[in-house]
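Student: Input: one structure, supplied below.
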Amino acid sequence: MSEFHIAVAIGTFLLAGAVKGVIGMGLPTVSVGMLSLVMLPVEAAALMIVPSFVTNLWQAVVGSGLLDVARRLWTMMLGICVGTWLGSGLLTGDSTLFTVSALGSALALYAIVGLTKVRFAVAPAWEPWLSPVAGVITGVVTGATGVFVIPSAPYIQALGMDKDRTVQAFGLSFTVSTVALAVSLSLEGAYAVSVAGASVLALLPAAVGMAAGQWFRARVSAETFRLCFFVGTLLLGLHLAVQAWI
């Protein structure tokens with residue numbers, strides 16, 4: 001990478017880590033979205049792998065409810081793996097126009113859901129069939145764009161779990177998505193040793209940003225920050241979606 005790309009990557013992971021520190025999610029969304037302004041989405045997704053895996057794994061294992069969450073969502077996790085494999089060719093293929101447009105559309109949709117504060121409720125009787133469906137769709141979106149919050153995040157929120165288990169469910173879902181994406185990129189030859197090394201280095205600014213975000217969270221309204229985050233994500237998504245066709 002050039003010095004310009006290195007500077008952009010450091011700044012991006014600082015910001016992405018700060019967002020995750022404040023609201024508990026958003027590192028892959030911010031990092032892939034912003035880095036895709038200066039590089040291919042597949043390159044941005046590859047750089048995001050290690051910071052996303054480490055921060056989300058930590059989020060998943062903190063607390064005592066991980067086994068309960070895993071038992072409840074294992075079919076969704078399996079669906080994520082299958083869907084990511086099905087969609088991986090879209091991210092690593094030659095159709096950059098489609099990939100950038102899909103990424104922008106996914107980011108915009110995620111932001112709209114967040115801004116409108118739409119809340120869904122999933123009846124327990126629906127979970128046996130809806131969990132794997134949500135997982136497969138999330139996996140396809142992950143494989144195609146490198147972003148794995150749609151529809152997994154709204155679906156997990158709709159399950160009505162308590163706050164701690166919801167946070168752990170996010171961490172587990174995002175960890176599985178990260179690993180599935182890493183495996184798919186490796187099989188497609190898009191996750192070389194050099195890229196993995198750069199991804200490890202990206203963990204440092206992400207961790208610094210996350211610590212700063214946690215400090216910031218104690219001093220600023222989380223709701224205000226969420227509003228700014230979703231507005232920024234919407235604008236970024238629309239920019240990527242439109243830019244792809246200009």
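How things are named: the first chain in the structure tokens is A, the next is B, and so on; residues count from 1 in each chain; ligands count from 1 in the order shown.
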Just want the 8 Å neighbourhood of segment 217-231 of chain A, counted on only C-alpha atoms, with same-chain residues fewer than 2 positions away dropped. Output as an mmCIF file with all heavy atoms, in the first residue's frame.
Tutor:
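The file below, around_9.cif, is the result:
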data_model
loop_
_atom_site.group_PDB
_atom_site.id
_atom_site.type_symbol
_atom_site.label_atom_id
_atom_site.label_comp_id
_atom_site.auth_asym_id
_atom_site.auth_seq_id
_atom_site.Cartn_x
_atom_site.Cartn_y
_atom_site.Cartn_z
ATOM 1 N N VAL A 19 -16.307 4.144 17.033
ATOM 2 C CA VAL A 19 -17.741 3.873 16.875
ATOM 3 C C VAL A 19 -18.127 2.620 17.655
ATOM 4 O O VAL A 19 -19.134 2.604 18.377
ATOM 5 C CB VAL A 19 -18.105 3.718 15.387
ATOM 6 C CG1 VAL A 19 -19.534 3.206 15.232
ATOM 7 C CG2 VAL A 19 -17.953 5.050 14.661
ATOM 8 N N GLY A 21 -16.570 1.378 20.189
ATOM 9 C CA GLY A 21 -16.428 1.662 21.611
ATOM 10 C C GLY A 21 -17.629 2.375 22.193
ATOM 11 O O GLY A 21 -17.980 2.166 23.357
ATOM 12 N N VAL A 22 -18.290 3.191 21.388
ATOM 13 C CA VAL A 22 -19.434 3.972 21.871
ATOM 14 C C VAL A 22 -20.726 3.160 21.817
ATOM 15 O O VAL A 22 -21.476 3.100 22.790
ATOM 16 C CB VAL A 22 -19.598 5.273 21.061
ATOM 17 C CG1 VAL A 22 -20.883 5.994 21.463
ATOM 18 C CG2 VAL A 22 -18.409 6.196 21.287
ATOM 19 N N ILE A 23 -20.997 2.498 20.682
ATOM 20 C CA ILE A 23 -22.304 1.847 20.521
ATOM 21 C C ILE A 23 -22.230 0.325 20.483
ATOM 22 O O ILE A 23 -23.256 -0.337 20.356
ATOM 23 C CB ILE A 23 -23.031 2.353 19.257
ATOM 24 C CG1 ILE A 23 -22.274 1.958 17.993
ATOM 25 C CG2 ILE A 23 -23.219 3.857 19.322
ATOM 26 C CD1 ILE A 23 -23.007 2.330 16.720
ATOM 27 N N ALA A 111 -28.513 2.016 7.705
ATOM 28 C CA ALA A 111 -28.679 3.329 8.323
ATOM 29 C C ALA A 111 -30.147 3.713 8.439
ATOM 30 O O ALA A 111 -30.579 4.267 9.449
ATOM 31 C CB ALA A 111 -27.924 4.383 7.509
ATOM 32 N N ILE A 112 -30.921 3.421 7.416
ATOM 33 C CA ILE A 112 -32.350 3.748 7.439
ATOM 34 C C ILE A 112 -33.058 2.993 8.546
ATOM 35 O O ILE A 112 -33.883 3.555 9.277
ATOM 36 C CB ILE A 112 -32.993 3.447 6.069
ATOM 37 C CG1 ILE A 112 -32.468 4.433 5.019
ATOM 38 C CG2 ILE A 112 -34.510 3.519 6.154
ATOM 39 C CD1 ILE A 112 -32.869 4.098 3.598
ATOM 40 N N GLY A 114 -31.707 1.946 11.280
ATOM 41 C CA GLY A 114 -31.272 2.545 12.543
ATOM 42 C C GLY A 114 -31.920 3.887 12.810
ATOM 43 O O GLY A 114 -32.319 4.185 13.950
ATOM 44 N N LEU A 115 -32.045 4.716 11.782
ATOM 45 C CA LEU A 115 -32.616 6.055 11.955
ATOM 46 C C LEU A 115 -34.108 6.008 12.252
ATOM 47 O O LEU A 115 -34.626 6.818 13.036
ATOM 48 C CB LEU A 115 -32.359 6.898 10.697
ATOM 49 C CG LEU A 115 -30.924 7.391 10.494
ATOM 50 C CD1 LEU A 115 -30.761 8.007 9.116
ATOM 51 C CD2 LEU A 115 -30.543 8.405 11.571
ATOM 52 N N GLY A 213 -13.380 5.479 22.224
ATOM 53 C CA GLY A 213 -14.837 5.483 22.126
ATOM 54 C C GLY A 213 -15.496 5.157 23.451
ATOM 55 O O GLY A 213 -16.525 5.740 23.814
ATOM 56 N N GLN A 214 -14.916 4.216 24.196
ATOM 57 C CA GLN A 214 -15.457 3.874 25.504
ATOM 58 C C GLN A 214 -15.330 5.051 26.469
ATOM 59 O O GLN A 214 -16.223 5.287 27.287
ATOM 60 C CB GLN A 214 -14.735 2.635 26.047
ATOM 61 C CG GLN A 214 -15.069 1.371 25.268
ATOM 62 C CD GLN A 214 -14.208 0.196 25.669
ATOM 63 O OE1 GLN A 214 -13.107 0.357 26.199
ATOM 64 N NE2 GLN A 214 -14.679 -1.008 25.410
ATOM 65 N N TRP A 215 -14.210 5.779 26.374
ATOM 66 C CA TRP A 215 -14.038 6.987 27.194
ATOM 67 C C TRP A 215 -15.058 8.041 26.790
ATOM 68 O O TRP A 215 -15.669 8.703 27.623
ATOM 69 C CB TRP A 215 -12.618 7.526 27.008
ATOM 70 C CG TRP A 215 -12.343 8.798 27.746
ATOM 71 C CD1 TRP A 215 -11.882 8.927 29.030
ATOM 72 C CD2 TRP A 215 -12.503 10.141 27.247
ATOM 73 N NE1 TRP A 215 -11.746 10.258 29.351
ATOM 74 C CE2 TRP A 215 -12.129 11.024 28.285
ATOM 75 C CE3 TRP A 215 -12.933 10.675 26.034
ATOM 76 C CZ2 TRP A 215 -12.161 12.407 28.139
ATOM 77 C CZ3 TRP A 215 -12.975 12.052 25.884
ATOM 78 C CH2 TRP A 215 -12.589 12.904 26.918
ATOM 79 N N THR A 233 -23.444 7.073 8.031
ATOM 80 C CA THR A 233 -23.484 5.811 7.293
ATOM 81 C C THR A 233 -24.428 5.896 6.101
ATOM 82 O O THR A 233 -24.134 5.370 5.012
ATOM 83 C CB THR A 233 -23.934 4.667 8.220
ATOM 84 O OG1 THR A 233 -23.027 4.563 9.319
ATOM 85 C CG2 THR A 233 -23.960 3.339 7.481
ATOM 86 N N LEU A 234 -25.559 6.572 6.271
ATOM 87 C CA LEU A 234 -26.505 6.752 5.173
ATOM 88 C C LEU A 234 -25.867 7.541 4.034
ATOM 89 O O LEU A 234 -25.955 7.158 2.860
ATOM 90 C CB LEU A 234 -27.764 7.466 5.672
ATOM 91 C CG LEU A 234 -28.808 7.815 4.609
ATOM 92 C CD1 LEU A 234 -29.327 6.556 3.923
ATOM 93 C CD2 LEU A 234 -29.965 8.588 5.234
ATOM 94 N N LEU A 235 -25.198 8.642 4.372
ATOM 95 C CA LEU A 235 -24.557 9.467 3.346
ATOM 96 C C LEU A 235 -23.445 8.694 2.645
ATOM 97 O O LEU A 235 -23.295 8.777 1.421
ATOM 98 C CB LEU A 235 -23.994 10.745 3.979
ATOM 99 C CG LEU A 235 -25.037 11.716 4.550
ATOM 100 C CD1 LEU A 235 -24.347 12.894 5.231
ATOM 101 C CD2 LEU A 235 -25.971 12.214 3.452
#
Student: Would you kindly return, as a PyMOL selection string, each protein, DNA or RNA residue with an atom no farther than 9 Å from any atom of Thr12 of chain A, considering only C-alpha atoms and excluding same-chain residues fewer than 4 positions away?
Tutor: chain A and resi 7-8+16-17+30-32+34-35+205-206
Student: Hey, could you make a per-residue contact list for segment 74-112 of chain A against segment 163-176 of chain A with 12 Å as the cut-off, showing the nearest pair of atoms and its distance in Å to one decimal, counting only C-alpha atoms, sorted by chain and number, as CSV?
Tutor:
residue,atom,partner,partner_atom,distance
A:Trp74,CA,A:Ser173,CA,9.6
A:Thr75,CA,A:Ser173,CA,11.1
A:Met76,CA,A:Ser173,CA,8.3
A:Met77,CA,A:Val176,CA,6.6
A:Leu78,CA,A:Val176,CA,8.9
A:Gly79,CA,A:Val176,CA,10.3
A:Ile80,CA,A:Val176,CA,7.5
A:Cys81,CA,A:Val176,CA,7.5
A:Val82,CA,A:Val176,CA,11.3
A:Gly83,CA,A:Val176,CA,11.8
A:Thr84,CA,A:Val176,CA,10.3
Student: Store the residues picked out above, limited to N, CA and C atoms, as a PDB file, in the first residue's frame.
Tutor:
ATOM      1  N   TRP A  74     -27.592 -21.282  16.797  1.00  0.00           N
ATOM      2  CA  TRP A  74     -26.636 -22.071  16.029  1.00  0.00           C
ATOM      3  C   TRP A  74     -27.076 -22.262  14.576  1.00  0.00           C
ATOM      4  N   THR A  75     -28.383 -22.352  14.320  1.00  0.00           N
ATOM      5  CA  THR A  75     -28.827 -22.512  12.924  1.00  0.00           C
ATOM      6  C   THR A  75     -28.591 -21.225  12.124  1.00  0.00           C
ATOM      7  N   MET A  76     -28.679 -20.086  12.791  1.00  0.00           N
ATOM      8  CA  MET A  76     -28.369 -18.824  12.133  1.00  0.00           C
ATOM      9  C   MET A  76     -26.882 -18.759  11.794  1.00  0.00           C
ATOM     10  N   MET A  77     -26.021 -19.211  12.724  1.00  0.00           N
ATOM     11  CA  MET A  77     -24.581 -19.203  12.480  1.00  0.00           C
ATOM     12  C   MET A  77     -24.226 -20.121  11.310  1.00  0.00           C
ATOM     13  N   LEU A  78     -24.885 -21.288  11.252  1.00  0.00           N
ATOM     14  CA  LEU A  78     -24.660 -22.204  10.136  1.00  0.00           C
ATOM     15  C   LEU A  78     -25.105 -21.565   8.823  1.00  0.00           C
ATOM     16  N   GLY A  79     -26.256 -20.881   8.864  1.00  0.00           N
ATOM     17  CA  GLY A  79     -26.744 -20.197   7.673  1.00  0.00           C
ATOM     18  C   GLY A  79     -25.794 -19.114   7.202  1.00  0.00           C
ATOM     19  N   ILE A  80     -25.179 -18.395   8.138  1.00  0.00           N
ATOM     20  CA  ILE A  80     -24.203 -17.359   7.784  1.00  0.00           C
ATOM     21  C   ILE A  80     -23.034 -17.968   7.011  1.00  0.00           C
ATOM     22  N   CYS A  81     -22.541 -19.104   7.484  1.00  0.00           N
ATOM     23  CA  CYS A  81     -21.415 -19.766   6.814  1.00  0.00           C
ATOM     24  C   CYS A  81     -21.800 -20.190   5.393  1.00  0.00           C
ATOM     25  N   VAL A  82     -22.978 -20.788   5.252  1.00  0.00           N
ATOM     26  CA  VAL A  82     -23.438 -21.232   3.929  1.00  0.00           C
ATOM     27  C   VAL A  82     -23.644 -20.040   3.003  1.00  0.00           C
ATOM     28  N   GLY A  83     -24.318 -19.000   3.508  1.00  0.00           N
ATOM     29  CA  GLY A  83     -24.590 -17.828   2.688  1.00  0.00           C
ATOM     30  C   GLY A  83     -23.327 -17.100   2.271  1.00  0.00           C
ATOM     31  N   THR A  84     -22.345 -17.000   3.169  1.00  0.00           N
ATOM     32  CA  THR A  84     -21.085 -16.338   2.838  1.00  0.00           C
ATOM     33  C   THR A  84     -20.369 -17.070   1.718  1.00  0.00           C
TER      34      THR A  84
END
Student: I'd like the neighbourhood of Leu204 of chain A as JSON, numbers by chain, where a residue qualifies if any of its atoms comes within 12 Å (using only C-alpha atoms), though same-chain residues fewer than 5 positions away should be ignored.
Tutor: {"A": [9, 10, 11, 12, 13, 14, 16, 17, 48, 50, 51, 52, 54, 55, 198, 199, 209, 210, 211]}
Student: So which bits of segment 99-136 of chain A end up alpha helix (DSSP H) when you DSSP the backbone, as a ChimeraX atom specification?
Tutor: /A:99-116,127-136
Student: Grab the residues selected above and save them as a PDB file, in the first residue's frame with N, CA and C atoms.
Tutor:
ATOM      1  N   THR A  99     -20.362  -4.760  -6.931  1.00  0.00           N
ATOM      2  CA  THR A  99     -19.910  -4.875  -5.544  1.00  0.00           C
ATOM      3  C   THR A  99     -20.023  -3.549  -4.808  1.00  0.00           C
ATOM      4  N   VAL A 100     -19.529  -2.483  -5.422  1.00  0.00           N
ATOM      5  CA  VAL A 100     -19.573  -1.171  -4.774  1.00  0.00           C
ATOM      6  C   VAL A 100     -21.012  -0.710  -4.605  1.00  0.00           C
ATOM      7  N   SER A 101     -21.840  -0.944  -5.616  1.00  0.00           N
ATOM      8  CA  SER A 101     -23.243  -0.566  -5.530  1.00  0.00           C
ATOM      9  C   SER A 101     -23.959  -1.347  -4.435  1.00  0.00           C
ATOM     10  N   ALA A 102     -23.689  -2.654  -4.355  1.00  0.00           N
ATOM     11  CA  ALA A 102     -24.313  -3.487  -3.326  1.00  0.00           C
ATOM     12  C   ALA A 102     -23.865  -3.066  -1.943  1.00  0.00           C
ATOM     13  N   LEU A 103     -22.586  -2.739  -1.797  1.00  0.00           N
ATOM     14  CA  LEU A 103     -22.071  -2.287  -0.507  1.00  0.00           C
ATOM     15  C   LEU A 103     -22.759  -0.994  -0.089  1.00  0.00           C
ATOM     16  N   GLY A 104     -22.843  -0.033  -1.011  1.00  0.00           N
ATOM     17  CA  GLY A 104     -23.506   1.230  -0.697  1.00  0.00           C
ATOM     18  C   GLY A 104     -24.968   1.029  -0.334  1.00  0.00           C
ATOM     19  N   SER A 105     -25.651   0.156  -1.047  1.00  0.00           N
ATOM     20  CA  SER A 105     -27.061  -0.112  -0.760  1.00  0.00           C
ATOM     21  C   SER A 105     -27.241  -0.771   0.605  1.00  0.00           C
ATOM     22  N   ALA A 106     -26.337  -1.702   0.953  1.00  0.00           N
ATOM     23  CA  ALA A 106     -26.410  -2.366   2.259  1.00  0.00           C
ATOM     24  C   ALA A 106     -26.192  -1.370   3.392  1.00  0.00           C
ATOM     25  N   LEU A 107     -25.226  -0.470   3.220  1.00  0.00           N
ATOM     26  CA  LEU A 107     -24.958   0.540   4.240  1.00  0.00           C
ATOM     27  C   LEU A 107     -26.146   1.490   4.394  1.00  0.00           C
ATOM     28  N   ALA A 108     -26.719   1.923   3.266  1.00  0.00           N
ATOM     29  CA  ALA A 108     -27.855   2.838   3.315  1.00  0.00           C
ATOM     30  C   ALA A 108     -29.061   2.179   3.992  1.00  0.00           C
ATOM     31  N   LEU A 109     -29.315   0.911   3.661  1.00  0.00           N
ATOM     32  CA  LEU A 109     -30.435   0.194   4.271  1.00  0.00           C
ATOM     33  C   LEU A 109     -30.228   0.059   5.774  1.00  0.00           C
ATOM     34  N   TYR A 110     -29.017  -0.297   6.181  1.00  0.00           N
ATOM     35  CA  TYR A 110     -28.693  -0.418   7.605  1.00  0.00           C
ATOM     36  C   TYR A 110     -28.929   0.901   8.325  1.00  0.00           C
ATOM     37  N   ALA A 111     -28.513   2.016   7.705  1.00  0.00           N
ATOM     38  CA  ALA A 111     -28.679   3.329   8.323  1.00  0.00           C
ATOM     39  C   ALA A 111     -30.147   3.713   8.439  1.00  0.00           C
ATOM     40  N   ILE A 112     -30.921   3.421   7.416  1.00  0.00           N
ATOM     41  CA  ILE A 112     -32.350   3.748   7.439  1.00  0.00           C
ATOM     42  C   ILE A 112     -33.058   2.993   8.546  1.00  0.00           C
ATOM     43  N   VAL A 113     -32.736   1.711   8.692  1.00  0.00           N
ATOM     44  CA  VAL A 113     -33.328   0.917   9.776  1.00  0.00           C
ATOM     45  C   VAL A 113     -32.969   1.518  11.123  1.00  0.00           C
ATOM     46  N   GLY A 114     -31.707   1.946  11.280  1.00  0.00           N
ATOM     47  CA  GLY A 114     -31.272   2.545  12.543  1.00  0.00           C
ATOM     48  C   GLY A 114     -31.920   3.887  12.810  1.00  0.00           C
ATOM     49  N   LEU A 115     -32.045   4.716  11.782  1.00  0.00           N
ATOM     50  CA  LEU A 115     -32.616   6.055  11.955  1.00  0.00           C
ATOM     51  C   LEU A 115     -34.108   6.008  12.252  1.00  0.00           C
ATOM     52  N   THR A 116     -34.807   5.094  11.615  1.00  0.00           N
ATOM     53  CA  THR A 116     -36.254   5.011  11.825  1.00  0.00           C
ATOM     54  C   THR A 116     -36.609   4.282  13.120  1.00  0.00           C
ATOM     55  N   GLU A 127     -38.762 -18.923  15.128  1.00  0.00           N
ATOM     56  CA  GLU A 127     -37.306 -18.999  15.168  1.00  0.00           C
ATOM     57  C   GLU A 127     -36.718 -20.213  14.456  1.00  0.00           C
ATOM     58  N   PRO A 128     -37.309 -21.418  14.580  1.00  0.00           N
ATOM     59  CA  PRO A 128     -36.685 -22.584  13.937  1.00  0.00           C
ATOM     60  C   PRO A 128     -36.469 -22.428  12.438  1.00  0.00           C
ATOM     61  N   TRP A 129     -37.355 -21.729  11.743  1.00  0.00           N
ATOM     62  CA  TRP A 129     -37.173 -21.553  10.301  1.00  0.00           C
ATOM     63  C   TRP A 129     -36.633 -20.179   9.940  1.00  0.00           C
ATOM     64  N   LEU A 130     -36.911 -19.156  10.780  1.00  0.00           N
ATOM     65  CA  LEU A 130     -36.477 -17.808  10.441  1.00  0.00           C
ATOM     66  C   LEU A 130     -34.993 -17.590  10.734  1.00  0.00           C
ATOM     67  N   SER A 131     -34.463 -18.246  11.770  1.00  0.00           N
ATOM     68  CA  SER A 131     -33.041 -18.077  12.105  1.00  0.00           C
ATOM     69  C   SER A 131     -32.119 -18.507  10.965  1.00  0.00           C
ATOM     70  N   PRO A 132     -32.288 -19.711  10.394  1.00  0.00           N
ATOM     71  CA  PRO A 132     -31.403 -20.070   9.277  1.00  0.00           C
ATOM     72  C   PRO A 132     -31.603 -19.197   8.046  1.00  0.00           C
ATOM     73  N   VAL A 133     -32.832 -18.741   7.805  1.00  0.00           N
ATOM     74  CA  VAL A 133     -33.078 -17.853   6.668  1.00  0.00           C
ATOM     75  C   VAL A 133     -32.337 -16.528   6.863  1.00  0.00           C
ATOM     76  N   ALA A 134     -32.456 -15.950   8.074  1.00  0.00           N
ATOM     77  CA  ALA A 134     -31.741 -14.704   8.368  1.00  0.00           C
ATOM     78  C   ALA A 134     -30.237 -14.909   8.243  1.00  0.00           C
ATOM     79  N   GLY A 135     -29.768 -16.104   8.656  1.00  0.00           N
ATOM     80  CA  GLY A 135     -28.344 -16.391   8.560  1.00  0.00           C
ATOM     81  C   GLY A 135     -27.862 -16.471   7.125  1.00  0.00           C
ATOM     82  N   VAL A 136     -28.596 -17.166   6.285  1.00  0.00           N
ATOM     83  CA  VAL A 136     -28.194 -17.308   4.881  1.00  0.00           C
ATOM     84  C   VAL A 136     -28.181 -15.945   4.186  1.00  0.00           C
TER      85      VAL A 136
END
Student: I'd like the interatomic distance between atom CA of Val147 of chain A and atom CA of Phe98 of chain A, to a tenth of an Å.
Tutor: 14.5 Å
Student: To one decimal place in Å, what is the distance between atom CA of Val38 of chain A and atom CA of Ser184 of chain A?
Tutor: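 Atom-to-atom, atom CA of Val38 of chain A and atom CA of Ser184 of chain A are spaced 22.7 Å apart.
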Student: Identify which of the residues A:Val183, A:Met161, A:Leu86, A:Leu238 lies closest to Pro124 of chain A, counting only C-alpha atoms when measuring atom-to-atom distances.
Tutor: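 The answer is A:Met161, which sits nearest to Pro124 of chain A.
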Student: Quick one: everything within 7 Å of Ala158 of chain A, counting only C-alpha atoms, minus sequence neighbours fewer than 4 positions away in the same chain. Send it as a PyMOL selection string.
Tutor: chain A and resi 119-122+154
Student: Given only C-alpha atoms as the basis, pick out the residue of A:Leu97, A:Ala196, A:Ala144, A:Leu185 nearest to Gln243 of chain A.
Tutor: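 Result for the nearest residue to Gln243 of chain A: A:Leu97.
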